[in-house]
Amino acid sequence: MLLHFTKMHGLGNDFMVVDLVTQRARLRDEQIRHLADRHFGIGFDQLLTVEPPLNPDMDFRYRIFNADGGEVENCGNGARCFARFVRDQRLTHKREIRVETAGGPLTLVVEDDDRVTVDMGTPRFAPSALPFDAAEDRMLHELVVNDERLEVGVVSMGNPHAVLRVDDVQQAPVERLGPLIEAHPRFPQRVNAGFMQIVSRQEIRLRVFERGSGETLACGTGACAAVACGIRQDLLDSPVTVHLRGGDLTIAWAGGDANLKMTGPAERVFDGRVALN
Ligand SMILES: N[C@@H](CCC[C@H](N)C(=O)O)C(=O)O
């Protein structure tokens with residue numbers, strides 16, 4: 001069969017977006033891995049599927065698959081692309097869209113300038129929320145990686161994140177430590193590893209080694225996680241501009257039980273069709 005898709009990106013974090021409201025298809029893990037391959041496939045960090053909601057109070061269901069084929073709970077850059085996609089495809093005319101994800105419901109608002117603001121819910125720091133193997137909730141946890149003692153903040157933004165503070169993000173050992181943190185046994189469902197440089201109380205630089213996809217040019221939930229950890233540690237004040245390799249996001253969070261909001265762009269690159277075997 002031929003599957004119609006749209007290639008999109010949020011700050012260079014790129015996606016294959018598939019409308020499963022008007023098409024029927026079921027993609028197996030190995031097909032996703034093949035399609036994600038940048039040499040033999042289409043190439044993307046995540047596959048996003050747009051589906052009818054299970055709960056009739058919601059507008060859509062949105063599912064996320066990493067390049068390794070694994071389904072995950074949340075994707076911030078993907079959520080913004082999702083909002084642009086459903087409007088561009090005329091699946092909805094709404095500017096405020098309610099969507100089900102495996103990590104819980106999200107509300108997306110398409111702004112007048114076509115940037116998208118996502119209500120990402122409340123950051124959850126309890127180790128059980130990730131999950132992370134620790135006896136108590138702390139602002140910083142010691143994590144031993146190959147005899148190196150790291151201090152990480154841990155937080156769930158629907159999906160799990162560990163955030164490490166570095167002096168200079170350009171020089172940060174993302175390629176070396178990223179895979180080791182991602183697969184650390186204290187994170188039984190693996191984790192996204194963020195490397196955060198604080199520039200000022202309202203500005204950070206960030207690189208993220210993503211679970212199941214490797215280092216990407218931007219990670220929306222990673223930006224939310226870094227800002228949530230920074231505000232909780234009283235290192236940052238809301239709103240915070242996050243400079244990622246692919247561009248900037250604005251993250252606002254009042255702390256405590258308040259919902260965190262992420263604002264940024266979402267771009268369509270091209271439409272295509274691919275044969276599924
Ligand atoms: N790129 C994403 C996050 C995608 C999922 C992540 N790799 C995970 O496994 O949790 C974003 O923009 O948030």
# chains A, B, ... in the order shown; residues from 1 in each chain; ligands from 1
>>> residues_near_ligand(ligand="ligand 1", cutoff="6 Å", atoms="only C-alpha atoms and all ligand atoms", output="mmCIF file with C-alpha atoms, in the first residue's frame")
data_model
loop_
_atom_site.group_PDB
_atom_site.id
_atom_site.type_symbol
_atom_site.label_atom_id
_atom_site.label_comp_id
_atom_site.auth_asym_id
_atom_site.auth_seq_id
_atom_site.Cartn_x
_atom_site.Cartn_y
_atom_site.Cartn_z
ATOM 1 C CA ASN A 66 11.051 7.130 18.387
ATOM 2 C CA VAL A 72 6.682 6.977 23.922
ATOM 3 C CA ASN A 74 5.156 12.755 24.929
ATOM 4 C CA CYS A 75 6.981 14.967 22.424
ATOM 5 C CA GLY A 76 6.916 18.750 22.755
ATOM 6 C CA ASN A 77 8.191 19.714 19.292
ATOM 7 C CA GLY A 78 5.934 17.023 17.852
ATOM 8 C CA ASN A 159 8.171 11.296 29.471
ATOM 9 C CA GLU A 210 17.059 11.658 23.334
ATOM 10 C CA ARG A 211 15.989 8.207 24.393
ATOM 11 C CA GLY A 212 15.498 6.090 21.272
ATOM 12 C CA SER A 213 16.694 8.744 18.793
ATOM 13 C CA CYS A 219 13.849 18.541 22.266
ATOM 14 C CA GLY A 220 10.686 20.303 23.450
ATOM 15 C CA THR A 221 10.032 18.183 26.521
ATOM 16 C CA GLY A 222 13.794 18.391 27.242
#
>>> closest_atom_pairs(of="region 57-160 of chain A", to="region 14-19 of chain A", cutoff="12 Å", atoms="only C-alpha atoms", output="tab-separated table")
residue	atom	partner	partner_atom	distance
A:Phe60	CA	A:Asp19	CA	10.8
A:Arg61	CA	A:Asp19	CA	10.8
A:Tyr62	CA	A:Asp19	CA	9.9
A:Arg63	CA	A:Val17	CA	10.0
A:Ile64	CA	A:Val17	CA	9.6
A:Phe65	CA	A:Phe15	CA	9.8
A:Asn66	CA	A:Phe15	CA	9.6
A:Ala67	CA	A:Phe15	CA	9.6
A:Cys75	CA	A:Phe15	CA	10.6
A:Gly76	CA	A:Asp14	CA	11.8
A:Asn77	CA	A:Asp14	CA	8.6
A:Gly78	CA	A:Phe15	CA	7.2
A:Ala79	CA	A:Phe15	CA	10.7
A:Arg80	CA	A:Phe15	CA	11.2
A:Cys81	CA	A:Phe15	CA	8.3
A:Phe82	CA	A:Val17	CA	7.7
A:Ala83	CA	A:Val17	CA	11.2
A:Arg84	CA	A:Val17	CA	10.9
A:Phe85	CA	A:Val17	CA	8.0
A:Val86	CA	A:Asp19	CA	8.5
A:Arg87	CA	A:Asp19	CA	11.9
A:Asp88	CA	A:Asp19	CA	11.6
A:Gln89	CA	A:Asp19	CA	8.8
A:Arg90	CA	A:Asp19	CA	11.3
A:Leu91	CA	A:Asp19	CA	9.3
>>> select_by_dssp(residues="region 47-250 of chain A", states="alpha helix (DSSP H)", output="PyMOL selection string")
chain A and resi 76-88+174-182+220-232
>>> closest_residue(among="A:Leu236, A:Val109, A:Val155, A:Cys229", to="Ala129 (chain A)", atoms="only C-alpha atoms")
A:Val155
>>> closest_residue(among="A:Arg268, A:Arg273, A:Arg38, A:Arg149", to="Met8 (chain A)", atoms="only C-alpha atoms")
A:Arg268
>>> residues_around(residues="Ala193 (chain A)", least_positions_apart="3", cutoff="8 Å", atoms="only C-alpha atoms", output="PDB file with C-alpha atoms, in the first residue's frame")
ATOM      1  CA  HIS A 161      14.201  13.373  31.716  1.00  0.00           C
ATOM      2  CA  ALA A 162      17.516  13.700  33.537  1.00  0.00           C
ATOM      3  CA  VAL A 163      19.102  17.172  33.496  1.00  0.00           C
ATOM      4  CA  LEU A 164      22.805  17.744  34.051  1.00  0.00           C
ATOM      5  CA  GLY A 178      24.285  10.668  26.640  1.00  0.00           C
ATOM      6  CA  ILE A 181      22.701   8.104  31.066  1.00  0.00           C
ATOM      7  CA  GLU A 182      19.932   7.022  28.643  1.00  0.00           C
ATOM      8  CA  VAL A 208      19.542  16.727  24.572  1.00  0.00           C
ATOM      9  CA  PHE A 209      20.499  13.131  23.926  1.00  0.00           C
ATOM     10  CA  GLU A 210      17.059  11.658  23.334  1.00  0.00           C
ATOM     11  CA  ARG A 211      15.989   8.207  24.393  1.00  0.00           C
ATOM     12  CA  GLY A 222      13.794  18.391  27.242  1.00  0.00           C
TER      13      GLY A 222
END
>>> decode(residues="region 187-243 of chain A", atoms="C-alpha atoms", output="mmCIF file, in the first residue's frame")
data_model
loop_
_atom_site.group_PDB
_atom_site.id
_atom_site.type_symbol
_atom_site.label_atom_id
_atom_site.label_comp_id
_atom_site.auth_asym_id
_atom_site.auth_seq_id
_atom_site.Cartn_x
_atom_site.Cartn_y
_atom_site.Cartn_z
ATOM 1 C CA PHE A 187 16.050 4.463 34.812
ATOM 2 C CA PRO A 188 14.239 1.194 34.044
ATOM 3 C CA GLN A 189 12.342 2.755 31.111
ATOM 4 C CA ARG A 190 15.480 4.624 29.955
ATOM 5 C CA VAL A 191 15.638 8.416 29.961
ATOM 6 C CA ASN A 192 16.244 11.534 27.858
ATOM 7 C CA ALA A 193 19.499 13.214 28.950
ATOM 8 C CA GLY A 194 19.681 17.031 28.890
ATOM 9 C CA PHE A 195 22.905 19.084 29.196
ATOM 10 C CA MET A 196 22.043 22.608 30.400
ATOM 11 C CA GLN A 197 24.264 25.693 30.452
ATOM 12 C CA ILE A 198 22.804 28.602 32.407
ATOM 13 C CA VAL A 199 23.447 31.914 30.656
ATOM 14 C CA SER A 200 21.329 34.115 32.940
ATOM 15 C CA ARG A 201 18.245 33.667 35.137
ATOM 16 C CA GLN A 202 16.067 33.844 32.013
ATOM 17 C CA GLU A 203 18.256 32.199 29.386
ATOM 18 C CA ILE A 204 19.810 28.759 28.976
ATOM 19 C CA ARG A 205 21.580 26.745 26.283
ATOM 20 C CA LEU A 206 20.608 23.092 25.983
ATOM 21 C CA ARG A 207 21.568 19.913 24.151
ATOM 22 C CA VAL A 208 19.542 16.727 24.572
ATOM 23 C CA PHE A 209 20.499 13.131 23.926
ATOM 24 C CA GLU A 210 17.059 11.658 23.334
ATOM 25 C CA ARG A 211 15.989 8.207 24.393
ATOM 26 C CA GLY A 212 15.498 6.090 21.272
ATOM 27 C CA SER A 213 16.694 8.744 18.793
ATOM 28 C CA GLY A 214 20.139 10.018 19.899
ATOM 29 C CA GLU A 215 21.095 13.696 20.014
ATOM 30 C CA THR A 216 18.534 15.833 18.188
ATOM 31 C CA LEU A 217 18.700 19.494 17.126
ATOM 32 C CA ALA A 218 16.006 20.316 19.690
ATOM 33 C CA CYS A 219 13.849 18.541 22.266
ATOM 34 C CA GLY A 220 10.686 20.303 23.450
ATOM 35 C CA THR A 221 10.032 18.183 26.521
ATOM 36 C CA GLY A 222 13.794 18.391 27.242
ATOM 37 C CA ALA A 223 13.561 22.202 27.229
ATOM 38 C CA CYS A 224 10.569 22.042 29.607
ATOM 39 C CA ALA A 225 12.423 19.578 31.871
ATOM 40 C CA ALA A 226 15.579 21.726 32.030
ATOM 41 C CA VAL A 227 13.617 24.889 32.859
ATOM 42 C CA ALA A 228 11.493 23.074 35.467
ATOM 43 C CA CYS A 229 14.646 21.737 37.185
ATOM 44 C CA GLY A 230 16.343 25.168 36.965
ATOM 45 C CA ILE A 231 13.346 27.018 38.453
ATOM 46 C CA ARG A 232 12.958 24.396 41.182
ATOM 47 C CA GLN A 233 16.629 24.843 42.113
ATOM 48 C CA ASP A 234 16.127 28.666 42.152
ATOM 49 C CA LEU A 235 18.613 29.112 39.299
ATOM 50 C CA LEU A 236 16.068 30.449 36.782
ATOM 51 C CA ASP A 237 13.039 32.775 36.615
ATOM 52 C CA SER A 238 10.074 32.317 34.287
ATOM 53 C CA PRO A 239 9.810 32.901 31.347
ATOM 54 C CA VAL A 240 13.036 31.328 30.116
ATOM 55 C CA THR A 241 14.450 31.424 26.576
ATOM 56 C CA VAL A 242 15.987 28.061 25.722
ATOM 57 C CA HIS A 243 18.610 28.104 22.959
#
